[in-house]
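Peer 1: What follows is a structure written as structure tokens; I'll ask about it next.
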Protein chains: 2
Amino acid sequence: MAVTIELLKRFSMLSALPDSTLEQLAQQSTLKNVSRRAVVVNGGAVSENLCFLFEGRLQGVDFTLDGREVGLYFIEPGDFCGELGLFDQQGQPESVIALSKSQVIFMPASAVRSALQSSHQLVESLFTRMATRVRKLSAQRALLGLSSTVARVCGQLWMMLEEQDPNNRKDGVIANPPTHQELGIMLNLSRETVTRVFQTLQAEAIVKRDGTTRLLILNEQGLKGLFEAGDS
Amino acid sequence: MAVTIELLKRFSMLSALPDSTLEQLAQQSTLKNVSRRAVVVNGGAVSENLCFLFEGRLQGVDFTLDGREVGLYFIEPGDFCGELGLFDQQGQPESVIALSKSQVIFMPASAVRSALQSSHQLVESLFTRMATRVRKLSAQRALLGLSSTVARVCGQLWMMLEEQDPNNRKDGVIANPPTHQELGIMLNLSRETVTRVFQTLQAEAIVKRDGTTRLLILNEQGLKGLFEAGDS
DNA sequence: TGTTATGTGTGATTGCAATCACTTCTGTTT
DNA sequence: AAACAGAAGTGATTGCAATCACACATAACA
């Protein structure tokens, strides 16, 4: 499926580029519909593409040496992945998997390198985005330092809410929420434990499931309070 | 203390820069001796400097909302930190602390930005280094997915060994090893649990303490085996 | 519409590591 | 050399979440 300049402008990192650069990137990119559970980036392999998520939800998943799945990060619409190997030809250990039906733009790394050569502004944008990514990884890791399972789940939901697009954020909606299992591997919790925390949160009218494609945060202050309480 | 071109060349990211660029960077940089427990980068604040570690050991430390210390990463000699805010003027949540007496070169971010403008090679080096950092953060996080405390500690020691300079690596030496407490906060373990694991490893002649500045890895295969065994 | 697969929910059991309090050892300072 | 501070070591107790097995609900597919 063809990629247009307008489509690429939806991504904040690309939006400030001149149309001529966007046109070149668009011509070399492909928009694909990927189904739930599809592998978007293969772990371990060098990725030839950057993957921009237009709609859906992706998750970076690694495996420990004892075979456990470890969730490293989620990718929300408007974000991308696959950029680590841009200059060092090395891949990333984790796979990136679609958690729900998604639309992904695959953009060749070579095209991005060319654009970087001619646009210092893109260099700064990419670097800034990498910095944001490092901060998010650190915040994600800090969640694991919480000893309370309720605090950990609430912290994850809070982080996901903060990363929703402005409309969903305003309405307290998390689009395409991950399953309990997918949340569990982010937080080193079994899916039963995540289920039990959700039971508590729903009983207290803090969250409410709205079908499988939306999770409603009914009480943001309550959620944040449980996150900040830590060991209550 | 004055910084020389030769000193800066010890850092792989800077070594390929032309002497004229290195001279400019050197003139604006400062080498400081910092004592154990000194704060090298203040968490939350925008850092005006990049901090290059010449000798010693640094640790990035954050706090969870319930007040627990969380260790995010170690910094070995030859590496640096403080670069996240280069272009977005935002800081990092974690503080960077010296774990042992260290020598750190403070290099103004403004000087690095200037160098980046004129050196695409430095852009690539910095980006590649950020990618490496993301991979390390992911690997660090994956350690927390191991359910066995022995595997987790052994994994941490293995990662630290791999990051030693070639001489120490060859000899199976970890220089300036962190305390059990400092290791514990990296791995979400209490310092008592880390001590008990070390007891086991020393009893099995896998590791041996050589004073406070060196930890000897006597049996690398044994260490790696315990790491890879996961849930033994 | 019925069947199948996936996700959520539930209850019981058990093991492991956090916690606490304390002692011993080692390095630093006076 | 003695005193002090910090780090390592030790033992007992207890709580919490992983694990397991299973049932129920919901979504997807034929």
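Residue numbers start at 1 in each chain; chains themselves are named A, B, ... in the order of the structure tokens; ligands are numbered from 1 in the order shown.
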Can you build me a table of chain C residues sitting at most 9 Å from chain B, with the closest atom pair per residue and its distance in Å to one decimal, using only C-alpha atoms (C1' of nucleotides), sorted by chain and residue number, as JSON lines?
Peer 2:
{"residue": "C:DA17", "atom": "C1'", "partner": "B:Thr193", "partner_atom": "CA", "distance": 7.3}
{"residue": "C:DA18", "atom": "C1'", "partner": "B:Ser190", "partner_atom": "CA", "distance": 7.0}
{"residue": "C:DG27", "atom": "C1'", "partner": "B:Thr212", "partner_atom": "CA", "distance": 8.9}
Peer 1: Write the residues you've just listed into a file as a CSV table (one decimal), in the first residue's frame, and include all heavy atoms for each of them.
Peer 2:
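To be explicit, this is the file written out as result37.csv:
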chain,number,residue,atom,x,y,z
C,17,DA,P,14.8,-16.8,46.1
C,17,DA,OP1,14.9,-16.9,44.7
C,17,DA,OP2,15.8,-17.5,47.0
C,17,DA,O5',14.8,-15.2,46.5
C,17,DA,C5',13.7,-14.5,46.2
C,17,DA,C4',13.3,-13.6,47.3
C,17,DA,O4',12.7,-14.4,48.4
C,17,DA,C3',14.4,-12.8,48.0
C,17,DA,O3',14.0,-11.5,48.2
C,17,DA,C2',14.7,-13.5,49.3
C,17,DA,C1',13.3,-13.9,49.6
C,17,DA,N9,13.2,-15.0,50.6
C,17,DA,C8,14.0,-16.1,50.7
C,17,DA,N7,13.7,-16.9,51.6
C,17,DA,C5,12.6,-16.3,52.2
C,17,DA,C6,11.8,-16.7,53.3
C,17,DA,N6,12.0,-17.8,54.0
C,17,DA,N1,10.8,-15.9,53.7
C,17,DA,C2,10.6,-14.8,53.0
C,17,DA,N3,11.3,-14.3,51.9
C,17,DA,C4,12.3,-15.2,51.6
C,18,DA,P,14.9,-10.2,48.3
C,18,DA,OP1,15.0,-9.7,46.9
C,18,DA,OP2,16.1,-10.6,49.1
C,18,DA,O5',14.0,-9.2,49.1
C,18,DA,C5',12.6,-9.2,48.9
C,18,DA,C4',11.9,-8.7,50.1
C,18,DA,O4',11.7,-9.9,51.0
C,18,DA,C3',12.6,-7.6,50.9
C,18,DA,O3',11.6,-6.7,51.4
C,18,DA,C2',13.3,-8.4,52.0
C,18,DA,C1',12.4,-9.6,52.3
C,18,DA,N9,13.0,-10.8,52.7
C,18,DA,C8,14.1,-11.4,52.1
C,18,DA,N7,14.5,-12.5,52.6
C,18,DA,C5,13.6,-12.7,53.7
C,18,DA,C6,13.5,-13.7,54.7
C,18,DA,N6,14.3,-14.7,54.8
C,18,DA,N1,12.5,-13.6,55.6
C,18,DA,C2,11.7,-12.5,55.5
C,18,DA,N3,11.7,-11.5,54.6
C,18,DA,C4,12.7,-11.7,53.7
C,27,DG,P,40.3,-4.8,53.7
C,27,DG,OP1,40.4,-5.2,52.3
C,27,DG,OP2,41.4,-5.1,54.7
C,27,DG,O5',40.1,-3.2,53.7
C,27,DG,C5',38.8,-2.7,53.2
C,27,DG,C4',38.6,-1.3,53.6
C,27,DG,O4',38.3,-1.2,55.0
C,27,DG,C3',39.8,-0.3,53.5
C,27,DG,O3',39.4,0.9,53.0
C,27,DG,C2',40.4,-0.2,54.9
C,27,DG,C1',39.1,-0.3,55.7
C,27,DG,N9,39.2,-0.8,57.1
C,27,DG,C8,39.9,-1.9,57.5
C,27,DG,N7,39.8,-2.1,58.8
C,27,DG,C5,39.1,-1.0,59.3
C,27,DG,C6,38.7,-0.7,60.6
C,27,DG,O6,38.9,-1.3,61.6
C,27,DG,N1,37.9,0.5,60.6
C,27,DG,C2,37.6,1.2,59.5
C,27,DG,N2,36.9,2.3,59.7
C,27,DG,N3,38.0,0.9,58.3
C,27,DG,C4,38.7,-0.2,58.2
Peer 1: Any idea which chain D residues end up within 8 Å of chain B if we count only C-alpha atoms (C1' of nucleotides), as a list in words please?
Peer 2: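 Therefore, the residues near the partner are DA7, DA8 and DG9 of chain D.
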Peer 1: For the selection just defined, write its residues with all heavy atoms to a file, as a PDB file, in the first residue's frame.
Peer 2:
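Generated file (again04.pdb):
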ATOM      1  P    DA D   7      29.667   1.148  52.496  1.00  0.00           P
ATOM      2  OP1  DA D   7      30.090   1.645  51.179  1.00  0.00           O
ATOM      3  OP2  DA D   7      28.288   1.355  52.986  1.00  0.00           O
ATOM      4  O5'  DA D   7      29.997  -0.410  52.582  1.00  0.00           O
ATOM      5  C5'  DA D   7      31.331  -0.840  52.401  1.00  0.00           C
ATOM      6  C4'  DA D   7      31.447  -2.303  52.746  1.00  0.00           C
ATOM      7  O4'  DA D   7      31.318  -2.474  54.182  1.00  0.00           O
ATOM      8  C3'  DA D   7      30.380  -3.193  52.107  1.00  0.00           C
ATOM      9  O3'  DA D   7      31.040  -4.259  51.451  1.00  0.00           O
ATOM     10  C2'  DA D   7      29.520  -3.669  53.285  1.00  0.00           C
ATOM     11  C1'  DA D   7      30.506  -3.602  54.443  1.00  0.00           C
ATOM     12  N9   DA D   7      29.880  -3.406  55.749  1.00  0.00           N
ATOM     13  C8   DA D   7      29.003  -2.415  56.103  1.00  0.00           C
ATOM     14  N7   DA D   7      28.613  -2.495  57.369  1.00  0.00           N
ATOM     15  C5   DA D   7      29.285  -3.599  57.861  1.00  0.00           C
ATOM     16  C6   DA D   7      29.302  -4.214  59.126  1.00  0.00           C
ATOM     17  N6   DA D   7      28.596  -3.769  60.176  1.00  0.00           N
ATOM     18  N1   DA D   7      30.087  -5.304  59.290  1.00  0.00           N
ATOM     19  C2   DA D   7      30.803  -5.742  58.242  1.00  0.00           C
ATOM     20  N3   DA D   7      30.869  -5.252  57.006  1.00  0.00           N
ATOM     21  C4   DA D   7      30.071  -4.167  56.872  1.00  0.00           C
ATOM     22  P    DA D   8      30.278  -5.357  50.671  1.00  0.00           P
ATOM     23  OP1  DA D   8      31.113  -5.698  49.502  1.00  0.00           O
ATOM     24  OP2  DA D   8      28.876  -4.970  50.506  1.00  0.00           O
ATOM     25  O5'  DA D   8      30.338  -6.582  51.690  1.00  0.00           O
ATOM     26  C5'  DA D   8      31.617  -7.044  52.115  1.00  0.00           C
ATOM     27  C4'  DA D   8      31.449  -8.119  53.165  1.00  0.00           C
ATOM     28  O4'  DA D   8      30.839  -7.549  54.353  1.00  0.00           O
ATOM     29  C3'  DA D   8      30.571  -9.301  52.752  1.00  0.00           C
ATOM     30  O3'  DA D   8      31.266 -10.484  53.108  1.00  0.00           O
ATOM     31  C2'  DA D   8      29.292  -9.120  53.574  1.00  0.00           C
ATOM     32  C1'  DA D   8      29.820  -8.424  54.820  1.00  0.00           C
ATOM     33  N9   DA D   8      28.844  -7.606  55.533  1.00  0.00           N
ATOM     34  C8   DA D   8      28.105  -6.558  55.035  1.00  0.00           C
ATOM     35  N7   DA D   8      27.326  -5.995  55.926  1.00  0.00           N
ATOM     36  C5   DA D   8      27.563  -6.716  57.086  1.00  0.00           C
ATOM     37  C6   DA D   8      27.048  -6.621  58.401  1.00  0.00           C
ATOM     38  N6   DA D   8      26.142  -5.708  58.762  1.00  0.00           N
ATOM     39  N1   DA D   8      27.499  -7.499  59.327  1.00  0.00           N
ATOM     40  C2   DA D   8      28.401  -8.416  58.948  1.00  0.00           C
ATOM     41  N3   DA D   8      28.972  -8.604  57.750  1.00  0.00           N
ATOM     42  C4   DA D   8      28.500  -7.713  56.858  1.00  0.00           C
ATOM     43  P    DG D   9      30.718 -11.884  52.709  1.00  0.00           P
ATOM     44  OP1  DG D   9      31.892 -12.755  52.513  1.00  0.00           O
ATOM     45  OP2  DG D   9      29.693 -11.753  51.671  1.00  0.00           O
ATOM     46  O5'  DG D   9      29.994 -12.323  54.068  1.00  0.00           O
ATOM     47  C5'  DG D   9      30.786 -12.448  55.250  1.00  0.00           C
ATOM     48  C4'  DG D   9      29.913 -12.898  56.386  1.00  0.00           C
ATOM     49  O4'  DG D   9      29.093 -11.787  56.842  1.00  0.00           O
ATOM     50  C3'  DG D   9      28.951 -14.039  56.074  1.00  0.00           C
ATOM     51  O3'  DG D   9      29.183 -15.062  57.045  1.00  0.00           O
ATOM     52  C2'  DG D   9      27.562 -13.424  56.226  1.00  0.00           C
ATOM     53  C1'  DG D   9      27.820 -12.288  57.201  1.00  0.00           C
ATOM     54  N9   DG D   9      26.885 -11.165  57.144  1.00  0.00           N
ATOM     55  C8   DG D   9      26.617 -10.354  56.063  1.00  0.00           C
ATOM     56  N7   DG D   9      25.744  -9.413  56.330  1.00  0.00           N
ATOM     57  C5   DG D   9      25.421  -9.615  57.667  1.00  0.00           C
ATOM     58  C6   DG D   9      24.530  -8.906  58.513  1.00  0.00           C
ATOM     59  O6   DG D   9      23.826  -7.923  58.249  1.00  0.00           O
ATOM     60  N1   DG D   9      24.501  -9.444  59.805  1.00  0.00           N
ATOM     61  C2   DG D   9      25.250 -10.524  60.217  1.00  0.00           C
ATOM     62  N2   DG D   9      25.103 -10.902  61.504  1.00  0.00           N
ATOM     63  N3   DG D   9      26.079 -11.191  59.445  1.00  0.00           N
ATOM     64  C4   DG D   9      26.117 -10.696  58.186  1.00  0.00           C
TER      65       DG D   9
END
Peer 1: Looking at A:Leu122, A:Ala203, A:Asn188, A:Gly225, which one is nearest to DA18 (chain D), with distances taken over only C-alpha atoms (C1' of nucleotides)?
Peer 2: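 Comparing A:Leu122, A:Ala203, A:Asn188, A:Gly225 against DA18 (chain D), the winner is A:Asn188.
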Peer 1: Quick one: contact table of chain A to chain B, 8 Å max, nearest atom pair and distance in Å to one decimal per residue, counting only C-alpha atoms, chain and number order, as a Markdown table?
Peer 2:
| residue | atom | partner | partner_atom | distance |
| --- | --- | --- | --- | --- |
| A:Asp62 | CA | B:Ala142 | CA | 7.3 |
| A:Phe63 | CA | B:Ala142 | CA | 7.4 |
| A:Thr64 | CA | B:Ala142 | CA | 6.0 |
| A:Leu65 | CA | B:Glu228 | CA | 5.3 |
| A:Asp66 | CA | B:Gly230 | CA | 4.5 |
| A:Arg68 | CA | B:Gly145 | CA | 7.0 |
| A:Glu69 | CA | B:Gly145 | CA | 7.8 |
| A:Val70 | CA | B:Gly145 | CA | 6.1 |
| A:Leu72 | CA | B:Ser138 | CA | 6.7 |
| A:Leu84 | CA | B:Ala131 | CA | 4.9 |
| A:Gly85 | CA | B:Ala131 | CA | 7.3 |
| A:Leu86 | CA | B:Thr128 | CA | 7.8 |
| A:Phe87 | CA | B:Thr128 | CA | 6.1 |
| A:Asp88 | CA | B:Thr128 | CA | 6.1 |
| A:Gln92 | CA | B:Arg135 | CA | 6.7 |
| A:Pro93 | CA | B:Arg135 | CA | 7.6 |
| A:Gln117 | CA | B:His120 | CA | 7.7 |
| A:His120 | CA | B:Gln117 | CA | 7.8 |
| A:Val123 | CA | B:Val123 | CA | 7.8 |
| A:Glu124 | CA | B:Phe87 | CA | 6.3 |
| A:Phe127 | CA | B:Phe127 | CA | 7.0 |
| A:Thr128 | CA | B:Asp88 | CA | 6.1 |
| A:Met130 | CA | B:Met130 | CA | 7.3 |
| A:Ala131 | CA | B:Leu84 | CA | 4.9 |
| A:Thr132 | CA | B:Leu84 | CA | 7.9 |
| A:Val134 | CA | B:Val134 | CA | 6.4 |
| A:Arg135 | CA | B:Gln92 | CA | 6.7 |
| A:Leu137 | CA | B:Leu137 | CA | 7.2 |
| A:Ser138 | CA | B:Leu72 | CA | 6.7 |
| A:Arg141 | CA | B:Arg141 | CA | 6.6 |
| A:Ala142 | CA | B:Thr64 | CA | 6.0 |
| A:Leu143 | CA | B:Thr64 | CA | 7.2 |
| A:Leu144 | CA | B:Asn188 | CA | 7.7 |
| A:Gly145 | CA | B:Val70 | CA | 6.1 |
| A:Leu146 | CA | B:Thr64 | CA | 6.5 |
| A:Asn188 | CA | B:Gly145 | CA | 6.1 |
| A:Phe227 | CA | B:Leu65 | CA | 7.7 |
| A:Glu228 | CA | B:Leu65 | CA | 5.4 |
| A:Ala229 | CA | B:Asp66 | CA | 6.3 |
| A:Gly230 | CA | B:Asp66 | CA | 4.5 |
| A:Asp231 | CA | B:Asp66 | CA | 6.4 |
Peer 1: If we count only C-alpha atoms (C1' of nucleotides), what is near DA12 (chain C) at a cut-off of 12 Å, once residues fewer than 2 positions away on the same chain are taken out, given as a ChimeraX atom specification?
Peer 2: /C:10,14 /D:19-22
Peer 1: Quick one: residues within 7 Å of Asn219 (chain B), only C-alpha atoms (C1' of nucleotides), excluding same-chain residues fewer than 2 positions away - as a list in words?
Peer 2: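 Within the cut-off, the hits are Ile206, Val207, Ile217, Gln221, Gly222 and Leu223 of chain B.
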Peer 1: Convert the current residue selection to file output with N, CA and C atoms, as a compact mmCIF listing (two decimals), in the first residue's frame.
Peer 2:
# COMPACT_ATOMS: atom_id res chain seq x y z
N ILE B 206 34.02 -19.93 42.31
CA ILE B 206 33.66 -19.30 41.03
C ILE B 206 34.14 -17.86 41.02
N VAL B 207 34.00 -17.20 42.16
CA VAL B 207 34.54 -15.85 42.28
C VAL B 207 35.39 -15.78 43.55
N ILE B 217 37.13 -13.40 38.78
CA ILE B 217 36.24 -14.45 38.28
C ILE B 217 37.13 -15.65 37.99
N GLN B 221 33.37 -20.11 32.96
CA GLN B 221 32.34 -21.03 32.44
C GLN B 221 31.32 -21.36 33.51
N GLY B 222 31.84 -21.51 34.75
CA GLY B 222 30.91 -21.78 35.85
C GLY B 222 29.95 -20.64 36.07
N LEU B 223 30.48 -19.43 36.02
CA LEU B 223 29.63 -18.24 36.19
C LEU B 223 28.59 -18.17 35.10
Peer 1: Determine, counting only C-alpha atoms (C1' of nucleotides), which protein, DNA and RNA residues have an atom within 12 Å of an atom of DC20 (chain C); residues of the same chain fewer than 2 positions away are not included. Present the result as a list in words.
Peer 2: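 Everything that qualifies: Glu192 of chain B; DA18 and DC22 of chain C; DG11, DA12, DT13 and DT14 of chain D.
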Peer 1: Of the candidates B:Leu218, B:Leu22, B:Glu163, B:Ser95, which one gets nearest to Thr4 (chain B) if we count only C-alpha atoms?
Peer 2: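 Closest to Thr4 (chain B), using only C-alpha atoms: B:Leu22.
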Peer 1: Got a sec: who's within 10 Å of DA5 (chain C), counting only C-alpha atoms (C1' of nucleotides), leaving out chain neighbours fewer than 4 positions off, as a PyMOL selection string?
Peer 2: chain D and resi 27-29
Peer 1: Neighbouring residues of Gln59 (chain B) were defined as those with any atom within 12 Å, considering only C-alpha atoms (C1' of nucleotides); residues of the same chain fewer than 6 positions away were excluded. Please report them as a PDB file with N, CA and C atoms, in the first residue's frame.
Peer 2:
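As written to disk, around-v2.pdb reads:
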ATOM      1  N   ARG B  36      34.201   8.723  46.523  1.00  0.00           N
ATOM      2  CA  ARG B  36      33.134   7.743  46.621  1.00  0.00           C
ATOM      3  C   ARG B  36      31.893   8.424  47.177  1.00  0.00           C
ATOM      4  N   ARG B  37      30.745   8.095  46.589  1.00  0.00           N
ATOM      5  CA  ARG B  37      29.441   8.625  46.989  1.00  0.00           C
ATOM      6  C   ARG B  37      29.178  10.034  46.442  1.00  0.00           C
ATOM      7  N   ALA B  38      30.107  10.628  45.732  1.00  0.00           N
ATOM      8  CA  ALA B  38      29.859  11.952  45.171  1.00  0.00           C
ATOM      9  C   ALA B  38      28.805  11.858  44.079  1.00  0.00           C
ATOM     10  N   VAL B  39      27.982  12.905  43.955  1.00  0.00           N
ATOM     11  CA  VAL B  39      26.999  12.971  42.890  1.00  0.00           C
ATOM     12  C   VAL B  39      27.633  13.622  41.672  1.00  0.00           C
ATOM     13  N   VAL B  40      27.658  12.883  40.571  1.00  0.00           N
ATOM     14  CA  VAL B  40      28.286  13.390  39.350  1.00  0.00           C
ATOM     15  C   VAL B  40      27.253  14.102  38.481  1.00  0.00           C
ATOM     16  N   VAL B  41      26.046  13.547  38.406  1.00  0.00           N
ATOM     17  CA  VAL B  41      24.945  14.198  37.702  1.00  0.00           C
ATOM     18  C   VAL B  41      23.757  14.214  38.649  1.00  0.00           C
ATOM     19  N   GLY B  43      20.000  14.170  39.548  1.00  0.00           N
ATOM     20  CA  GLY B  43      18.783  13.696  38.917  1.00  0.00           C
ATOM     21  C   GLY B  43      17.766  14.815  38.791  1.00  0.00           C
ATOM     22  N   LEU B  53      33.966   9.108  31.976  1.00  0.00           N
ATOM     23  CA  LEU B  53      34.649   8.458  33.100  1.00  0.00           C
ATOM     24  C   LEU B  53      36.011   7.955  32.646  1.00  0.00           C
ATOM     25  N   GLU B  69      15.537   2.759  46.357  1.00  0.00           N
ATOM     26  CA  GLU B  69      16.578   3.032  45.369  1.00  0.00           C
ATOM     27  C   GLU B  69      16.529   1.980  44.279  1.00  0.00           C
ATOM     28  N   VAL B  70      16.676   2.454  43.045  1.00  0.00           N
ATOM     29  CA  VAL B  70      16.714   1.551  41.894  1.00  0.00           C
ATOM     30  C   VAL B  70      17.980   1.856  41.110  1.00  0.00           C
ATOM     31  N   GLY B  71      18.801   0.841  40.914  1.00  0.00           N
ATOM     32  CA  GLY B  71      19.999   1.016  40.100  1.00  0.00           C
ATOM     33  C   GLY B  71      19.665   0.763  38.648  1.00  0.00           C
ATOM     34  N   LEU B  72      19.976   1.725  37.784  1.00  0.00           N
ATOM     35  CA  LEU B  72      19.612   1.578  36.377  1.00  0.00           C
ATOM     36  C   LEU B  72      20.781   1.059  35.538  1.00  0.00           C
ATOM     37  N   TYR B  73      21.966   1.588  35.763  1.00  0.00           N
ATOM     38  CA  TYR B  73      23.108   1.176  34.941  1.00  0.00           C
ATOM     39  C   TYR B  73      24.401   1.519  35.670  1.00  0.00           C
ATOM     40  N   PHE B  74      25.440   0.807  35.316  1.00  0.00           N
ATOM     41  CA  PHE B  74      26.799   1.162  35.717  1.00  0.00           C
ATOM     42  C   PHE B  74      27.475   1.872  34.551  1.00  0.00           C
ATOM     43  N   ILE B  75      28.480   2.670  34.859  1.00  0.00           N
ATOM     44  CA  ILE B  75      29.314   3.293  33.832  1.00  0.00           C
ATOM     45  C   ILE B  75      30.750   2.889  34.097  1.00  0.00           C
ATOM     46  N   GLU B  76      31.358   2.241  33.094  1.00  0.00           N
ATOM     47  CA  GLU B  76      32.743   1.784  33.210  1.00  0.00           C
ATOM     48  C   GLU B  76      33.673   2.843  32.618  1.00  0.00           C
ATOM     49  N   PRO B  77      34.951   2.786  32.973  1.00  0.00           N
ATOM     50  CA  PRO B  77      35.920   3.711  32.357  1.00  0.00           C
ATOM     51  C   PRO B  77      35.853   3.599  30.834  1.00  0.00           C
ATOM     52  N   ASP B  79      33.516   5.135  29.170  1.00  0.00           N
ATOM     53  CA  ASP B  79      32.132   5.431  28.818  1.00  0.00           C
ATOM     54  C   ASP B  79      31.763   6.818  29.351  1.00  0.00           C
ATOM     55  N   PHE B  80      30.547   7.255  29.055  1.00  0.00           N
ATOM     56  CA  PHE B  80      30.133   8.576  29.521  1.00  0.00           C
ATOM     57  C   PHE B  80      28.633   8.598  29.769  1.00  0.00           C
ATOM     58  N   CYS B  81      28.168   9.715  30.286  1.00  0.00           N
ATOM     59  CA  CYS B  81      26.745   9.890  30.557  1.00  0.00           C
ATOM     60  C   CYS B  81      26.414  11.370  30.472  1.00  0.00           C
ATOM     61  N   GLU B  94      17.277  10.127  36.784  1.00  0.00           N
ATOM     62  CA  GLU B  94      18.195   9.483  37.723  1.00  0.00           C
ATOM     63  C   GLU B  94      19.408  10.369  38.027  1.00  0.00           C
ATOM     64  N   SER B  95      19.981  10.143  39.200  1.00  0.00           N
ATOM     65  CA  SER B  95      21.266  10.736  39.555  1.00  0.00           C
ATOM     66  C   SER B  95      22.370   9.780  39.147  1.00  0.00           C
ATOM     67  N   VAL B  96      23.535  10.309  38.879  1.00  0.00           N
ATOM     68  CA  VAL B  96      24.696   9.475  38.621  1.00  0.00           C
ATOM     69  C   VAL B  96      25.689   9.703  39.756  1.00  0.00           C
ATOM     70  N   ILE B  97      26.067   8.610  40.402  1.00  0.00           N
ATOM     71  CA  ILE B  97      26.863   8.667  41.628  1.00  0.00           C
ATOM     72  C   ILE B  97      28.154   7.888  41.442  1.00  0.00           C
ATOM     73  N   ALA B  98      29.224   8.374  42.048  1.00  0.00           N
ATOM     74  CA  ALA B  98      30.494   7.644  42.000  1.00  0.00           C
ATOM     75  C   ALA B  98      30.466   6.526  43.033  1.00  0.00           C
ATOM     76  N   LEU B  99      30.744   5.298  42.601  1.00  0.00           N
ATOM     77  CA  LEU B  99      30.754   4.182  43.535  1.00  0.00           C
ATOM     78  C   LEU B  99      32.122   4.000  44.165  1.00  0.00           C
ATOM     79  N   SER B 100      33.123   4.533  43.511  1.00  0.00           N
ATOM     80  CA  SER B 100      34.461   4.505  44.080  1.00  0.00           C
ATOM     81  C   SER B 100      35.131   5.808  43.678  1.00  0.00           C
ATOM     82  N   SER B 102      36.834   8.339  41.703  1.00  0.00           N
ATOM     83  CA  SER B 102      36.799   8.311  40.232  1.00  0.00           C
ATOM     84  C   SER B 102      37.410   9.569  39.667  1.00  0.00           C
ATOM     85  N   ASN B 176      37.050  -2.324  40.672  1.00  0.00           N
ATOM     86  CA  ASN B 176      36.146  -1.500  41.484  1.00  0.00           C
ATOM     87  C   ASN B 176      34.763  -2.118  41.600  1.00  0.00           C
ATOM     88  N   PRO B 177      34.666  -3.346  42.059  1.00  0.00           N
ATOM     89  CA  PRO B 177      33.354  -3.987  42.116  1.00  0.00           C
ATOM     90  C   PRO B 177      32.428  -3.215  43.051  1.00  0.00           C
ATOM     91  N   PRO B 178      31.154  -3.130  42.688  1.00  0.00           N
ATOM     92  CA  PRO B 178      30.195  -2.454  43.577  1.00  0.00           C
ATOM     93  C   PRO B 178      29.960  -3.259  44.844  1.00  0.00           C
ATOM     94  N   THR B 179      29.417  -2.595  45.864  1.00  0.00           N
ATOM     95  CA  THR B 179      29.080  -3.319  47.095  1.00  0.00           C
ATOM     96  C   THR B 179      27.867  -4.213  46.849  1.00  0.00           C
ATOM     97  N   GLU B 182      24.924  -2.063  46.345  1.00  0.00           N
ATOM     98  CA  GLU B 182      24.874  -1.434  45.023  1.00  0.00           C
ATOM     99  C   GLU B 182      24.474  -2.431  43.941  1.00  0.00           C
ATOM    100  N   LEU B 183      24.901  -3.671  44.081  1.00  0.00           N
ATOM    101  CA  LEU B 183      24.447  -4.732  43.168  1.00  0.00           C
ATOM    102  C   LEU B 183      22.966  -5.033  43.413  1.00  0.00           C
ATOM    103  N   ILE B 185      20.467  -3.174  44.363  1.00  0.00           N
ATOM    104  CA  ILE B 185      19.473  -2.260  43.800  1.00  0.00           C
ATOM    105  C   ILE B 185      19.396  -2.350  42.280  1.00  0.00           C
ATOM    106  N   MET B 186      20.432  -2.901  41.670  1.00  0.00           N
ATOM    107  CA  MET B 186      20.347  -3.162  40.237  1.00  0.00           C
ATOM    108  C   MET B 186      19.406  -4.320  39.940  1.00  0.00           C
TER     109      MET B 186
END
Peer 1: Please indicate the distance in Å from CA of Ser47 (chain B) to CA of Ala115 (chain B), rounded to one decimal place.
Peer 2: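 Interatomic distance here is 17.7 Å.
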Peer 1: How would you write, as number ranges by chain, the set of residues in region 72-136 of chain B that DSSP gives as alpha helix (DSSP H)?
Peer 2: B: 109-118, 120-136
Peer 1: From region 32-219 of chain B, collect each residue whose DSSP state is strand (DSSP E or B) and return the set as a VMD selection string.
Peer 2: chain B and resid 32 to 34 39 to 41 49 to 55 58 to 63 69 to 75 80 to 81 95 to 98 102 to 108 173 to 175 207 to 210 214 to 217
Peer 1: In Å, rounded to a single decimal, give me how far CA of Val173 (chain A) is from C1' of DT26 (chain D).
Peer 2: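 Distance reported for this atom pair: 21.0 Å.
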